[in-house]
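A quick write-up on the structure given underneath.
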Amino acid sequence: MNEEKVITLQPDRKNFEAIYFSGNQGSLLFSPTTKSKTIITIASAVILLIVFLLKDTLSKDSQGVLYFLSFIFLLCAIFLSVSVNKISRWKKQVNQYLNLLENCKLYEIRFDQNFFTVNIDGEKETSEWKDFEYLEAGNEFISLEGKYSYMFPKKSMSEKEYNLLKKNLKDYIKK
């Protein structure tokens, strides 16, 4: 049986934001990606400040430590700024997508044995099942990654539709 199944989502921005920005993921300095870099940069700045304040007690031979610590602080700051930039770009892309969803009239998922199609106001993205590389199907959302990447919150569909989608995705996507 190759029956096509259709699920229509209610694209409420709050449901998607709750998933995308959970766990401080939208925070520039304290997201899971940047938190450790922020802490290391702050620690290196404090150490550099302490050594700078105590520089008069250092001998001429050991003043190179100040330059070395300055270099370490600079490296930490550069790595942090690169990570902050990545988070900033990701947030911008997510917000563009959320704005698209906020204004959409139709958000529909269609799938059968061969294909998976997402239709947002007539803009269709169709994938074969083999195009997907990763599936995460939890209690709050379903995440798919592959040719196209998707995240479907449970709150955007009925319980029955969510379970149908979850079951079929697990069946069709090879782990």
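Residue numbering restarts at 1 in every chain; chains get A, B, ... in the order shown in the structure tokens, and ligands count up from 1 in that same order.
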Pick out each residue of stretch 87-174 of chain A that DSSP on the backbone tags as strand (DSSP E); I need them as a CSV table (one decimal) with N, CA, C and O atoms, in the first residue's frame.
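Final output, result.csv:
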chain,number,residue,atom,x,y,z
A,107,TYR,N,0.8,25.1,6.1
A,107,TYR,CA,2.0,24.3,6.4
A,107,TYR,C,1.6,22.9,6.5
A,107,TYR,O,0.9,22.5,7.4
A,108,GLU,N,2.1,22.1,5.5
A,108,GLU,CA,1.6,20.8,5.3
A,108,GLU,C,2.8,19.8,5.1
A,108,GLU,O,3.7,20.1,4.4
A,109,ILE,N,2.6,18.6,5.7
A,109,ILE,CA,3.6,17.5,5.5
A,109,ILE,C,2.8,16.4,4.8
A,109,ILE,O,1.7,16.0,5.2
A,110,ARG,N,3.4,15.9,3.7
A,110,ARG,CA,2.9,14.8,2.9
A,110,ARG,C,4.0,13.8,2.8
A,110,ARG,O,5.1,14.1,2.5
A,111,PHE,N,3.6,12.5,3.0
A,111,PHE,CA,4.6,11.4,2.8
A,111,PHE,C,3.9,10.1,2.4
A,111,PHE,O,2.7,9.9,2.7
A,115,PHE,N,8.5,9.2,-0.7
A,115,PHE,CA,8.8,10.6,-0.6
A,115,PHE,C,8.3,11.3,0.6
A,115,PHE,O,7.2,10.9,1.2
A,116,PHE,N,8.9,12.3,1.0
A,116,PHE,CA,8.5,13.2,2.1
A,116,PHE,C,8.5,14.6,1.6
A,116,PHE,O,9.5,15.1,1.1
A,117,THR,N,7.4,15.3,1.7
A,117,THR,CA,7.2,16.6,1.1
A,117,THR,C,6.7,17.6,2.2
A,117,THR,O,5.8,17.3,2.9
A,118,VAL,N,7.4,18.7,2.3
A,118,VAL,CA,6.9,19.8,3.2
A,118,VAL,C,6.5,20.9,2.3
A,118,VAL,O,7.2,21.4,1.4
A,119,ASN,N,5.2,21.4,2.5
A,119,ASN,CA,4.7,22.5,1.7
A,119,ASN,C,4.3,23.7,2.6
A,119,ASN,O,3.5,23.5,3.5
A,120,ILE,N,5.0,24.8,2.4
A,120,ILE,CA,4.7,26.0,3.1
A,120,ILE,C,4.3,27.0,2.1
A,120,ILE,O,5.1,27.5,1.3
A,123,GLU,N,5.4,26.5,-1.5
A,123,GLU,CA,6.8,26.3,-1.7
A,123,GLU,C,7.1,24.8,-1.2
A,123,GLU,O,7.0,24.6,0.0
A,124,LYS,N,7.3,23.9,-2.1
A,124,LYS,CA,7.4,22.5,-1.7
A,124,LYS,C,8.9,22.1,-1.7
A,124,LYS,O,9.6,22.4,-2.6
A,125,GLU,N,9.2,21.3,-0.7
A,125,GLU,CA,10.5,20.7,-0.6
A,125,GLU,C,10.3,19.2,-0.5
A,125,GLU,O,9.7,18.7,0.4
A,126,THR,N,10.7,18.4,-1.5
A,126,THR,CA,10.5,17.0,-1.6
A,126,THR,C,11.8,16.3,-1.4
A,126,THR,O,12.8,16.6,-2.1
A,127,SER,N,11.8,15.2,-0.6
A,127,SER,CA,13.0,14.4,-0.3
A,127,SER,C,12.6,13.0,-0.4
A,127,SER,O,11.5,12.6,-0.1
A,128,GLU,N,13.6,12.2,-0.9
A,128,GLU,CA,13.4,10.7,-0.7
A,128,GLU,C,13.8,10.3,0.7
A,128,GLU,O,14.6,11.1,1.3
A,132,PHE,N,17.6,11.5,4.2
A,132,PHE,CA,17.6,11.9,5.6
A,132,PHE,C,18.7,11.1,6.3
A,132,PHE,O,18.8,9.9,6.1
A,133,GLU,N,19.5,11.8,7.1
A,133,GLU,CA,20.7,11.2,7.8
A,133,GLU,C,20.4,11.0,9.3
A,133,GLU,O,21.1,10.2,9.9
A,134,TYR,N,19.5,11.9,9.8
A,134,TYR,CA,19.4,11.9,11.3
A,134,TYR,C,17.9,12.2,11.6
A,134,TYR,O,17.3,13.0,11.0
A,135,LEU,N,17.4,11.4,12.6
A,135,LEU,CA,16.1,11.6,13.1
A,135,LEU,C,16.1,11.7,14.6
A,135,LEU,O,16.8,10.8,15.2
A,136,GLU,N,15.5,12.7,15.2
A,136,GLU,CA,15.3,12.7,16.7
A,136,GLU,C,13.8,12.9,16.9
A,136,GLU,O,13.2,13.9,16.5
A,137,ALA,N,13.2,11.9,17.5
A,137,ALA,CA,11.8,11.9,17.7
A,137,ALA,C,11.5,11.8,19.2
A,137,ALA,O,11.5,10.7,19.7
A,141,PHE,N,9.2,17.3,20.3
A,141,PHE,CA,9.4,17.7,18.8
A,141,PHE,C,10.0,16.6,18.1
A,141,PHE,O,10.6,15.6,18.7
A,142,ILE,N,9.9,16.7,16.7
A,142,ILE,CA,10.6,15.8,15.8
A,142,ILE,C,11.6,16.6,15.0
A,142,ILE,O,11.2,17.6,14.5
A,143,SER,N,12.8,16.1,14.9
A,143,SER,CA,13.9,16.8,14.2
A,143,SER,C,14.4,15.9,13.1
A,143,SER,O,14.7,14.7,13.4
A,144,LEU,N,14.5,16.4,11.9
A,144,LEU,CA,15.0,15.6,10.7
A,144,LEU,C,16.1,16.4,10.1
A,144,LEU,O,16.0,17.6,10.0
A,145,GLU,N,17.2,15.7,9.8
A,145,GLU,CA,18.3,16.3,9.1
A,145,GLU,C,18.7,15.5,7.9
A,145,GLU,O,18.7,14.3,7.9
A,146,GLY,N,19.0,16.2,6.8
A,146,GLY,CA,19.4,15.6,5.6
A,146,GLY,C,19.5,16.6,4.5
A,146,GLY,O,20.1,17.7,4.7
A,150,TYR,N,14.4,19.8,9.2
A,150,TYR,CA,13.1,20.2,9.7
A,150,TYR,C,13.0,20.0,11.2
A,150,TYR,O,13.7,19.1,11.7
A,151,MET,N,12.1,20.8,11.8
A,151,MET,CA,11.8,20.6,13.2
A,151,MET,C,10.3,20.8,13.3
A,151,MET,O,9.8,21.8,12.9
A,152,PHE,N,9.6,19.8,13.8
A,152,PHE,CA,8.1,19.9,14.0
A,152,PHE,C,7.8,19.7,15.4
A,152,PHE,O,7.9,18.7,16.0
A,153,PRO,N,7.3,20.8,16.1
A,153,PRO,CA,6.8,20.8,17.5
A,153,PRO,C,5.6,19.9,17.6
A,153,PRO,O,4.7,20.0,16.7
| task | Identify all residues of stretch 6-52 of chain A in helix (DSSP H, G or I) (DSSP on the backbone) and supply them as a ChimeraX atom specification. | result | /A:13-20,22-24,35-52
| message | Can you measure atom CA of A:Ile47 to atom CA of A:Leu69 for me? One decimal in Å is fine. | response |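 Taking atom CA of A:Ile47 as the start and atom CA of A:Leu69 as the end point, the length is 7.9 Å.
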Using only C-alpha atoms, which protein or nucleic acid residues come within 8 Å of A:Ile40? Drop anything in the same chain fewer than 4 positions from it, and give the result as an mmCIF file with N, CA and C atoms, in the first residue's frame.
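Result file is part_23.cif:
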data_model
loop_
_atom_site.group_PDB
_atom_site.id
_atom_site.type_symbol
_atom_site.label_atom_id
_atom_site.label_comp_id
_atom_site.auth_asym_id
_atom_site.auth_seq_id
_atom_site.Cartn_x
_atom_site.Cartn_y
_atom_site.Cartn_z
ATOM 1 N N SER A 36 31.405 27.880 27.522
ATOM 2 C CA SER A 36 32.758 27.541 27.985
ATOM 3 C C SER A 36 33.782 28.558 27.480
ATOM 4 N N SER A 44 40.795 34.146 31.712
ATOM 5 C CA SER A 44 42.089 34.612 31.210
ATOM 6 C C SER A 44 42.225 36.125 31.399
ATOM 7 N N CYS A 76 41.666 33.683 23.188
ATOM 8 C CA CYS A 76 40.358 33.351 23.773
ATOM 9 C C CYS A 76 39.278 34.302 23.261
#
| field | Separation of atom CA of A:Lys86 from atom CA of A:Gln10 in Å | value | 29.4 Å
| Polymer residues at most 12 Å from A:Leu74, only C-alpha atoms, same-chain spacing of 2 or more positions, as an MDAnalysis selection string | chainID A and resid 40:42 44:45 48 67:72 76:81
| Which distance in Å separates atom CA of A:Phe52 and atom CA of A:Leu66, to one decimal? | 6.8 Å
| message | Taking only C-alpha atoms into account, name the residue in A:Lys147, A:Lys35, A:Lys92, A:Lys5 that is nearest to A:Asn114. | response |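 When distances to A:Asn114 are compared using only C-alpha atoms, the smallest one comes from A:Lys5.
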| field | Spatial neighbours of stretch 98-100 of chain A, 9 Å, only C-alpha atoms, chain gap at least 2 places, as a ChimeraX atom specification | value | /A:11-13,16-17,93-96,102-104,120
| field | Distance query A:Trp90 at most 12 Å, only C-alpha atoms, self and fewer than 5 positions along chain excluded, as a PyMOL selection string | value | chain A and resi 20-21+25-28+31+33+83-85+95-97
Serialized selection, all heavy atoms, as a short mmCIF file (atom, residue, chain, number, x, y, z; two decimals), in the first residue's frame:
data_model
loop_
_atom_site.label_atom_id
_atom_site.label_comp_id
_atom_site.auth_asym_id
_atom_site.auth_seq_id
_atom_site.Cartn_x
_atom_site.Cartn_y
_atom_site.Cartn_z
N TYR A 20 13.44 25.96 19.49
CA TYR A 20 14.70 26.51 18.96
C TYR A 20 15.53 27.21 20.03
O TYR A 20 16.75 27.12 20.02
CB TYR A 20 14.43 27.50 17.82
CG TYR A 20 14.18 26.85 16.49
CD1 TYR A 20 12.97 27.01 15.83
CD2 TYR A 20 15.16 26.09 15.87
CE1 TYR A 20 12.74 26.42 14.60
CE2 TYR A 20 14.95 25.49 14.64
CZ TYR A 20 13.73 25.67 14.01
OH TYR A 20 13.51 25.08 12.79
N PHE A 21 14.88 27.93 20.93
CA PHE A 21 15.62 28.74 21.89
C PHE A 21 15.62 28.15 23.29
O PHE A 21 15.89 28.85 24.27
CB PHE A 21 15.09 30.17 21.90
CG PHE A 21 15.24 30.86 20.57
CD1 PHE A 21 14.13 31.41 19.92
CD2 PHE A 21 16.47 30.96 19.96
CE1 PHE A 21 14.27 32.04 18.70
CE2 PHE A 21 16.62 31.58 18.73
CZ PHE A 21 15.51 32.13 18.10
N GLN A 25 19.89 28.50 24.02
CA GLN A 25 20.51 28.36 22.70
C GLN A 25 20.59 29.68 21.94
O GLN A 25 21.42 29.84 21.07
CB GLN A 25 19.75 27.32 21.87
CG GLN A 25 19.94 25.92 22.39
CD GLN A 25 19.36 24.89 21.48
OE1 GLN A 25 20.03 24.46 20.55
NE2 GLN A 25 18.13 24.50 21.73
N GLY A 26 19.73 30.63 22.29
CA GLY A 26 19.75 31.92 21.61
C GLY A 26 20.65 32.95 22.27
O GLY A 26 20.84 34.03 21.74
N SER A 27 21.22 32.61 23.42
CA SER A 27 22.08 33.55 24.14
C SER A 27 23.45 33.63 23.45
O SER A 27 24.08 32.60 23.19
CB SER A 27 22.26 33.09 25.58
OG SER A 27 23.23 33.87 26.23
N LEU A 28 23.89 34.85 23.19
CA LEU A 28 25.16 35.00 22.49
C LEU A 28 26.35 34.55 23.33
O LEU A 28 27.26 33.90 22.81
CB LEU A 28 25.35 36.45 22.05
CG LEU A 28 24.38 36.97 20.99
CD1 LEU A 28 24.67 38.42 20.67
CD2 LEU A 28 24.46 36.12 19.73
N SER A 31 25.16 30.47 25.46
CA SER A 31 24.55 29.33 24.78
C SER A 31 25.44 28.11 25.03
O SER A 31 26.60 28.26 25.44
CB SER A 31 24.43 29.60 23.28
OG SER A 31 25.71 29.53 22.68
N THR A 33 27.07 26.48 23.05
CA THR A 33 28.25 26.59 22.18
C THR A 33 29.27 27.58 22.72
O THR A 33 30.48 27.36 22.60
CB THR A 33 27.82 27.04 20.77
OG1 THR A 33 26.81 26.16 20.31
CG2 THR A 33 28.98 27.03 19.80
N SER A 83 32.56 32.30 17.74
CA SER A 83 31.38 31.55 18.20
C SER A 83 30.15 32.44 18.33
O SER A 83 29.05 32.04 17.97
CB SER A 83 31.66 30.86 19.53
OG SER A 83 32.61 29.85 19.37
N VAL A 84 30.34 33.64 18.86
CA VAL A 84 29.23 34.59 18.99
C VAL A 84 28.69 34.93 17.60
O VAL A 84 27.47 35.03 17.40
CB VAL A 84 29.67 35.85 19.76
CG1 VAL A 84 28.68 36.98 19.60
CG2 VAL A 84 29.88 35.52 21.23
N ASN A 85 29.57 35.09 16.64
CA ASN A 85 29.16 35.39 15.27
C ASN A 85 28.32 34.24 14.69
O ASN A 85 27.31 34.48 14.02
CB ASN A 85 30.38 35.68 14.41
CG ASN A 85 30.01 36.20 13.04
OD1 ASN A 85 29.01 36.86 12.86
ND2 ASN A 85 30.84 35.89 12.06
N ASN A 95 15.08 33.34 13.01
CA ASN A 95 14.07 34.40 13.04
C ASN A 95 13.44 34.64 11.66
O ASN A 95 12.24 34.89 11.57
CB ASN A 95 14.62 35.69 13.64
CG ASN A 95 14.66 35.63 15.14
OD1 ASN A 95 13.75 35.14 15.79
ND2 ASN A 95 15.75 36.13 15.72
N GLN A 96 14.23 34.55 10.60
CA GLN A 96 13.68 34.67 9.25
C GLN A 96 12.69 33.54 8.99
O GLN A 96 11.61 33.76 8.45
CB GLN A 96 14.79 34.64 8.20
CG GLN A 96 15.58 35.91 8.11
CD GLN A 96 16.76 35.78 7.15
OE1 GLN A 96 17.19 34.69 6.79
NE2 GLN A 96 17.29 36.93 6.74
N TYR A 97 13.06 32.32 9.39
CA TYR A 97 12.18 31.16 9.21
C TYR A 97 10.91 31.33 10.05
O TYR A 97 9.80 31.07 9.57
CB TYR A 97 12.93 29.89 9.61
CG TYR A 97 12.09 28.65 9.57
CD1 TYR A 97 11.60 28.15 8.37
CD2 TYR A 97 11.79 27.96 10.74
CE1 TYR A 97 10.83 27.00 8.34
CE2 TYR A 97 11.02 26.81 10.71
CZ TYR A 97 10.55 26.33 9.51
OH TYR A 97 9.78 25.20 9.48
#
| query | Between A:Asp61, A:Lys37, A:Asn139, A:Leu101, which has the minimum distance to A:Asp121 (counting only C-alpha atoms)? | reply | A:Leu101
